[in-house]
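File shown: model-v8.cif (mmCIF, N, CA and C atoms).
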```cif
data_structure
#
loop_
_atom_site.label_atom_id
_atom_site.label_comp_id
_atom_site.auth_asym_id
_atom_site.auth_seq_id
_atom_site.Cartn_x
_atom_site.Cartn_y
_atom_site.Cartn_z
N MET A 1 49.31 25.75 -26.68
CA MET A 1 48.33 26.28 -25.76
C MET A 1 49.05 26.76 -24.50
N THR A 2 48.76 27.98 -24.08
CA THR A 2 49.40 28.51 -22.88
C THR A 2 48.35 28.68 -21.78
N VAL A 3 48.83 28.56 -20.59
CA VAL A 3 47.96 28.72 -19.43
C VAL A 3 48.42 29.97 -18.69
N ASP A 4 47.51 30.90 -18.49
CA ASP A 4 47.85 32.10 -17.73
C ASP A 4 47.99 31.74 -16.26
N ARG A 5 49.06 32.22 -15.67
CA ARG A 5 49.27 31.97 -14.24
C ARG A 5 48.66 33.14 -13.46
N VAL A 6 47.96 32.78 -12.42
CA VAL A 6 47.33 33.79 -11.58
C VAL A 6 48.01 33.78 -10.23
N ASP A 7 48.41 34.93 -9.78
CA ASP A 7 49.00 35.05 -8.45
C ASP A 7 47.87 35.26 -7.46
N PHE A 8 47.35 34.15 -6.91
CA PHE A 8 46.20 34.21 -6.01
C PHE A 8 46.53 34.97 -4.73
N ALA A 9 47.76 34.87 -4.27
CA ALA A 9 48.14 35.58 -3.05
C ALA A 9 48.03 37.09 -3.25
N ALA A 10 48.44 37.56 -4.43
CA ALA A 10 48.37 38.99 -4.71
C ALA A 10 46.93 39.44 -4.95
N ALA A 11 46.10 38.55 -5.49
CA ALA A 11 44.72 38.90 -5.82
C ALA A 11 43.80 38.85 -4.61
N ALA A 12 44.19 38.10 -3.58
CA ALA A 12 43.34 37.93 -2.40
C ALA A 12 43.41 39.16 -1.50
N PRO A 13 42.31 39.45 -0.80
CA PRO A 13 42.35 40.55 0.16
C PRO A 13 43.37 40.24 1.25
N LYS A 14 43.98 41.27 1.80
CA LYS A 14 45.03 41.08 2.79
C LYS A 14 44.47 40.70 4.16
N SER A 15 43.24 41.07 4.46
CA SER A 15 42.64 40.70 5.74
C SER A 15 41.17 40.37 5.51
N ALA A 16 40.60 39.67 6.45
CA ALA A 16 39.18 39.33 6.36
C ALA A 16 38.39 40.56 6.79
N GLU A 17 38.19 41.46 5.86
CA GLU A 17 37.56 42.74 6.16
C GLU A 17 36.11 42.57 6.62
N TRP A 18 35.45 41.47 6.24
CA TRP A 18 34.06 41.24 6.61
C TRP A 18 33.89 41.03 8.11
N ILE A 19 34.96 40.66 8.81
CA ILE A 19 34.87 40.40 10.25
C ILE A 19 34.38 41.63 11.00
N GLY A 20 34.74 42.80 10.52
CA GLY A 20 34.35 44.04 11.18
C GLY A 20 32.94 44.49 10.88
N TYR A 21 32.22 43.79 9.99
CA TYR A 21 30.88 44.22 9.61
C TYR A 21 29.84 43.71 10.59
N ARG A 22 28.86 44.55 10.84
CA ARG A 22 27.76 44.20 11.72
C ARG A 22 26.79 43.25 10.99
N GLU A 23 26.25 42.28 11.71
CA GLU A 23 25.26 41.35 11.14
C GLU A 23 24.01 42.14 10.76
N ARG A 24 23.50 41.92 9.57
CA ARG A 24 22.32 42.66 9.11
C ARG A 24 21.01 42.04 9.56
N GLY A 25 21.00 40.75 9.82
CA GLY A 25 19.78 40.08 10.24
C GLY A 25 19.55 40.23 11.74
N SER A 26 18.32 39.99 12.15
CA SER A 26 18.03 40.05 13.58
C SER A 26 18.11 38.65 14.18
N LEU A 27 18.46 38.58 15.44
CA LEU A 27 18.57 37.31 16.13
C LEU A 27 17.21 36.61 16.14
N ALA A 28 16.14 37.38 16.35
CA ALA A 28 14.80 36.79 16.37
C ALA A 28 14.46 36.16 15.02
N LEU A 29 14.79 36.83 13.93
CA LEU A 29 14.50 36.30 12.59
C LEU A 29 15.35 35.06 12.31
N LEU A 30 16.61 35.06 12.75
CA LEU A 30 17.46 33.88 12.57
C LEU A 30 16.91 32.69 13.33
N ARG A 31 16.46 32.94 14.55
CA ARG A 31 15.88 31.85 15.35
C ARG A 31 14.58 31.34 14.73
N PHE A 32 13.76 32.27 14.24
CA PHE A 32 12.51 31.87 13.59
C PHE A 32 12.79 31.00 12.36
N MET A 33 13.76 31.40 11.57
CA MET A 33 14.11 30.63 10.36
C MET A 33 14.64 29.25 10.74
N ALA A 34 15.42 29.16 11.81
CA ALA A 34 15.94 27.86 12.26
C ALA A 34 14.78 26.98 12.73
N LEU A 35 13.85 27.55 13.48
CA LEU A 35 12.69 26.80 13.95
C LEU A 35 11.82 26.35 12.77
N LEU A 36 11.58 27.25 11.84
CA LEU A 36 10.81 26.93 10.64
C LEU A 36 11.48 25.80 9.86
N SER A 37 12.79 25.86 9.76
CA SER A 37 13.54 24.84 9.02
C SER A 37 13.39 23.47 9.68
N MET A 38 13.48 23.43 10.98
CA MET A 38 13.36 22.15 11.70
C MET A 38 11.94 21.60 11.61
N ARG A 39 10.95 22.47 11.58
CA ARG A 39 9.54 22.02 11.51
C ARG A 39 9.13 21.58 10.09
N LEU A 40 9.54 22.37 9.09
CA LEU A 40 9.10 22.10 7.72
C LEU A 40 10.02 21.16 6.96
N GLY A 41 11.27 21.06 7.39
CA GLY A 41 12.23 20.26 6.66
C GLY A 41 13.01 21.13 5.68
N ARG A 42 14.04 20.56 5.15
CA ARG A 42 14.97 21.31 4.29
C ARG A 42 14.31 21.81 3.01
N LYS A 43 13.55 20.97 2.35
CA LYS A 43 12.98 21.33 1.05
C LYS A 43 12.02 22.52 1.15
N LEU A 44 11.03 22.43 2.03
CA LEU A 44 10.04 23.51 2.14
C LEU A 44 10.62 24.78 2.76
N SER A 45 11.53 24.62 3.70
CA SER A 45 12.07 25.81 4.36
C SER A 45 13.08 26.55 3.49
N ARG A 46 13.42 26.00 2.33
CA ARG A 46 14.29 26.72 1.39
C ARG A 46 13.53 27.79 0.63
N ILE A 47 12.21 27.69 0.58
CA ILE A 47 11.41 28.66 -0.18
C ILE A 47 11.65 30.11 0.30
N PRO A 48 11.65 30.38 1.61
CA PRO A 48 11.91 31.77 2.04
C PRO A 48 13.30 32.28 1.68
N LEU A 49 14.23 31.40 1.38
CA LEU A 49 15.57 31.85 1.02
C LEU A 49 15.57 32.72 -0.23
N PHE A 50 14.62 32.48 -1.13
CA PHE A 50 14.55 33.31 -2.33
C PHE A 50 14.20 34.75 -1.97
N GLY A 51 13.29 34.93 -1.02
CA GLY A 51 12.95 36.29 -0.55
C GLY A 51 14.11 36.93 0.19
N ILE A 52 14.80 36.16 1.01
CA ILE A 52 15.95 36.67 1.75
C ILE A 52 17.05 37.09 0.78
N ALA A 53 17.33 36.24 -0.19
CA ALA A 53 18.37 36.55 -1.18
C ALA A 53 17.98 37.78 -2.01
N THR A 54 16.70 37.90 -2.34
CA THR A 54 16.23 39.07 -3.09
C THR A 54 16.44 40.34 -2.28
N TYR A 55 16.12 40.28 -0.98
CA TYR A 55 16.32 41.44 -0.10
C TYR A 55 17.79 41.87 -0.13
N PHE A 56 18.70 40.92 0.07
CA PHE A 56 20.12 41.27 0.09
C PHE A 56 20.60 41.73 -1.28
N PHE A 57 20.07 41.16 -2.33
CA PHE A 57 20.45 41.56 -3.69
C PHE A 57 20.04 43.01 -3.95
N LEU A 58 18.87 43.39 -3.44
CA LEU A 58 18.36 44.75 -3.69
C LEU A 58 18.87 45.79 -2.69
N PHE A 59 19.04 45.41 -1.43
CA PHE A 59 19.27 46.41 -0.39
C PHE A 59 20.58 46.26 0.38
N ALA A 60 21.51 45.48 -0.11
CA ALA A 60 22.81 45.33 0.56
C ALA A 60 23.93 45.67 -0.41
N PRO A 61 24.20 46.96 -0.60
CA PRO A 61 25.21 47.35 -1.60
C PRO A 61 26.60 46.81 -1.31
N ARG A 62 26.97 46.71 -0.05
CA ARG A 62 28.30 46.19 0.28
C ARG A 62 28.42 44.73 -0.13
N ALA A 63 27.39 43.94 0.16
CA ALA A 63 27.40 42.52 -0.23
C ALA A 63 27.45 42.39 -1.74
N ARG A 64 26.69 43.23 -2.44
CA ARG A 64 26.70 43.19 -3.91
C ARG A 64 28.09 43.53 -4.46
N ARG A 65 28.70 44.54 -3.87
CA ARG A 65 30.02 44.98 -4.33
C ARG A 65 31.06 43.86 -4.15
N HIS A 66 31.06 43.23 -2.97
CA HIS A 66 32.02 42.16 -2.72
C HIS A 66 31.73 40.94 -3.59
N SER A 67 30.46 40.65 -3.78
CA SER A 67 30.08 39.53 -4.64
C SER A 67 30.54 39.77 -6.07
N ARG A 68 30.31 40.98 -6.56
CA ARG A 68 30.71 41.31 -7.93
C ARG A 68 32.23 41.21 -8.09
N ARG A 69 32.98 41.70 -7.11
CA ARG A 69 34.44 41.64 -7.17
C ARG A 69 34.91 40.18 -7.20
N TYR A 70 34.33 39.35 -6.34
CA TYR A 70 34.71 37.93 -6.31
C TYR A 70 34.35 37.25 -7.63
N LEU A 71 33.12 37.47 -8.11
CA LEU A 71 32.68 36.80 -9.33
C LEU A 71 33.47 37.23 -10.56
N ARG A 72 33.91 38.49 -10.59
CA ARG A 72 34.77 38.93 -11.70
C ARG A 72 36.03 38.07 -11.77
N ARG A 73 36.64 37.85 -10.60
CA ARG A 73 37.86 37.03 -10.57
C ARG A 73 37.55 35.58 -10.89
N ALA A 74 36.46 35.05 -10.32
CA ALA A 74 36.14 33.63 -10.49
C ALA A 74 35.70 33.31 -11.91
N LEU A 75 34.91 34.19 -12.51
CA LEU A 75 34.36 33.93 -13.84
C LEU A 75 35.24 34.45 -14.97
N GLY A 76 36.11 35.39 -14.65
CA GLY A 76 36.95 35.98 -15.69
C GLY A 76 36.20 36.90 -16.62
N ARG A 77 35.07 37.39 -16.18
CA ARG A 77 34.25 38.33 -16.97
C ARG A 77 33.38 39.12 -16.01
N GLU A 78 32.72 40.11 -16.53
CA GLU A 78 31.80 40.89 -15.70
C GLU A 78 30.57 40.03 -15.39
N PRO A 79 30.26 39.82 -14.11
CA PRO A 79 29.11 38.98 -13.77
C PRO A 79 27.79 39.67 -14.10
N ARG A 80 26.86 38.88 -14.62
CA ARG A 80 25.51 39.40 -14.90
C ARG A 80 24.71 39.43 -13.60
N ALA A 81 23.57 40.07 -13.63
CA ALA A 81 22.70 40.14 -12.45
C ALA A 81 22.32 38.74 -11.99
N ARG A 82 22.06 37.85 -12.93
CA ARG A 82 21.72 36.47 -12.58
C ARG A 82 22.85 35.80 -11.80
N ASP A 83 24.09 36.02 -12.23
CA ASP A 83 25.24 35.45 -11.54
C ASP A 83 25.32 35.98 -10.10
N ARG A 84 25.12 37.28 -9.96
CA ARG A 84 25.22 37.90 -8.64
C ARG A 84 24.11 37.43 -7.72
N PHE A 85 22.88 37.31 -8.25
CA PHE A 85 21.77 36.83 -7.42
C PHE A 85 22.01 35.39 -6.99
N ARG A 86 22.43 34.55 -7.92
CA ARG A 86 22.68 33.14 -7.59
C ARG A 86 23.78 33.01 -6.54
N HIS A 87 24.79 33.86 -6.61
CA HIS A 87 25.87 33.83 -5.62
C HIS A 87 25.31 34.11 -4.22
N ILE A 88 24.47 35.11 -4.09
CA ILE A 88 23.85 35.44 -2.81
C ILE A 88 22.92 34.31 -2.37
N LEU A 89 22.14 33.76 -3.29
CA LEU A 89 21.23 32.66 -2.95
C LEU A 89 22.00 31.43 -2.49
N TYR A 90 23.10 31.11 -3.16
CA TYR A 90 23.88 29.94 -2.77
C TYR A 90 24.54 30.15 -1.40
N PHE A 91 24.94 31.38 -1.11
CA PHE A 91 25.47 31.68 0.22
C PHE A 91 24.39 31.44 1.27
N ALA A 92 23.18 31.94 1.02
CA ALA A 92 22.06 31.73 1.95
C ALA A 92 21.75 30.25 2.11
N THR A 93 21.81 29.51 1.03
CA THR A 93 21.55 28.06 1.07
C THR A 93 22.59 27.35 1.92
N THR A 94 23.84 27.77 1.82
CA THR A 94 24.91 27.17 2.62
C THR A 94 24.66 27.40 4.11
N ILE A 95 24.28 28.62 4.47
CA ILE A 95 23.98 28.92 5.87
C ILE A 95 22.77 28.10 6.32
N HIS A 96 21.77 28.00 5.47
CA HIS A 96 20.57 27.22 5.78
C HIS A 96 20.92 25.76 6.02
N ASP A 97 21.76 25.20 5.19
CA ASP A 97 22.17 23.80 5.36
C ASP A 97 22.89 23.58 6.69
N ARG A 98 23.61 24.58 7.15
CA ARG A 98 24.32 24.44 8.43
C ARG A 98 23.37 24.26 9.59
N VAL A 99 22.17 24.80 9.49
CA VAL A 99 21.17 24.60 10.55
C VAL A 99 20.90 23.11 10.71
N PHE A 100 20.77 22.41 9.60
CA PHE A 100 20.51 20.97 9.65
C PHE A 100 21.73 20.20 10.14
N LEU A 101 22.90 20.61 9.69
CA LEU A 101 24.12 19.93 10.13
C LEU A 101 24.36 20.12 11.62
N LEU A 102 24.16 21.33 12.12
CA LEU A 102 24.36 21.59 13.55
C LEU A 102 23.35 20.84 14.42
N ASN A 103 22.18 20.56 13.85
CA ASN A 103 21.17 19.80 14.57
C ASN A 103 21.23 18.31 14.26
N GLU A 104 22.31 17.90 13.58
CA GLU A 104 22.56 16.50 13.22
C GLU A 104 21.40 15.86 12.46
N LYS A 105 20.79 16.63 11.57
CA LYS A 105 19.70 16.14 10.71
C LYS A 105 20.28 15.78 9.34
N TYR A 106 21.19 14.82 9.34
CA TYR A 106 21.89 14.44 8.12
C TYR A 106 20.96 13.84 7.08
N GLU A 107 19.87 13.23 7.53
CA GLU A 107 18.92 12.61 6.60
C GLU A 107 18.25 13.65 5.69
N ALA A 108 18.30 14.93 6.07
CA ALA A 108 17.72 15.99 5.24
C ALA A 108 18.46 16.12 3.90
N PHE A 109 19.67 15.58 3.83
CA PHE A 109 20.48 15.71 2.63
C PHE A 109 20.41 14.51 1.70
N GLY A 110 19.63 13.52 2.07
CA GLY A 110 19.51 12.35 1.21
C GLY A 110 19.56 11.08 2.03
N SER A 111 19.89 10.03 1.39
CA SER A 111 19.95 8.72 2.03
C SER A 111 20.95 8.72 3.18
N PRO A 112 20.52 8.29 4.37
CA PRO A 112 21.44 8.25 5.51
C PRO A 112 22.68 7.40 5.25
N SER A 113 22.58 6.42 4.38
CA SER A 113 23.73 5.58 4.10
C SER A 113 24.78 6.33 3.28
N ARG A 114 24.36 7.38 2.56
CA ARG A 114 25.30 8.16 1.76
C ARG A 114 25.87 9.35 2.53
N VAL A 115 25.17 9.84 3.52
CA VAL A 115 25.57 11.04 4.22
C VAL A 115 25.97 10.70 5.64
N LYS A 116 27.26 10.77 5.90
CA LYS A 116 27.77 10.46 7.23
C LYS A 116 28.57 11.67 7.73
N PRO A 117 28.55 11.91 9.03
CA PRO A 117 29.34 13.04 9.57
C PRO A 117 30.82 12.78 9.48
#
```
How does this structure look as structure tokens?
Amino acid sequence: MTVDRVDFAAAAPKSAEWIGYRERGSLALLRFMALLSMRLGRKLSRIPLFGIATYFFLFAPRARRHSRRYLRRALGREPRARDRFRHILYFATTIHDRVFLLNEKYEAFGSPSRVKP
């Protein structure tokens, strides 16, 4: 059995090209989502993430292109639409979780005895 060696340094982008991109969301909408998250809790406030992810999946060609390129390398095959949507949704979920972490709402992630900063 042979293992293919991957040169990750050669495969990785040379610079963080995303740094130069303008934020697509509005500050007011980000603040509203943070407020909604704190009021409703993590579970219920995750529901709008599906709509947000759908919007980016349909109307953000640059995000789709970068997601597809990453998933091709990670999966070793052409990613299906489901793979690409889930990638965008999981990214949104990660950002959403940071709202709770920044507000020190660790209990939103489960038992306080299991989740410590």
> What residues come out when you apply the PyMOL selection byres (((chain A and resi 50 and name CA) around 12) and name CA) to this file, written as a ChimeraX atom specification?
Replying inline: /A:44-49,51-57,85-93,96
> In Å, how far is it from atom C of Ser37 in chain A to atom C of Arg22 in chain A?
Replying inline: 23.9 Å
>> Just to confirm, what's the straight-line distance from atom N of Asn103 in chain A to CA of Ala34 in chain A in Å (one decimal)?
In response: 9.7 Å
> From the list A:Arg62, A:Ala108, A:Ile95, A:Arg24, which residue is nearest Gly41 in chain A when using only N, CA and C atoms?
Replying inline: A:Ala108
>> Considering only helix (DSSP H, G or I) as DSSP defines it on the backbone, what residues of range 16-112 of chain A qualify? List them as a count of residues only.
In response: 76
>> Between CA of Arg42 in chain A and CA of Phe100 in chain A, what distance in Å does the model show, to one decimal?
In response: 7.7 Å
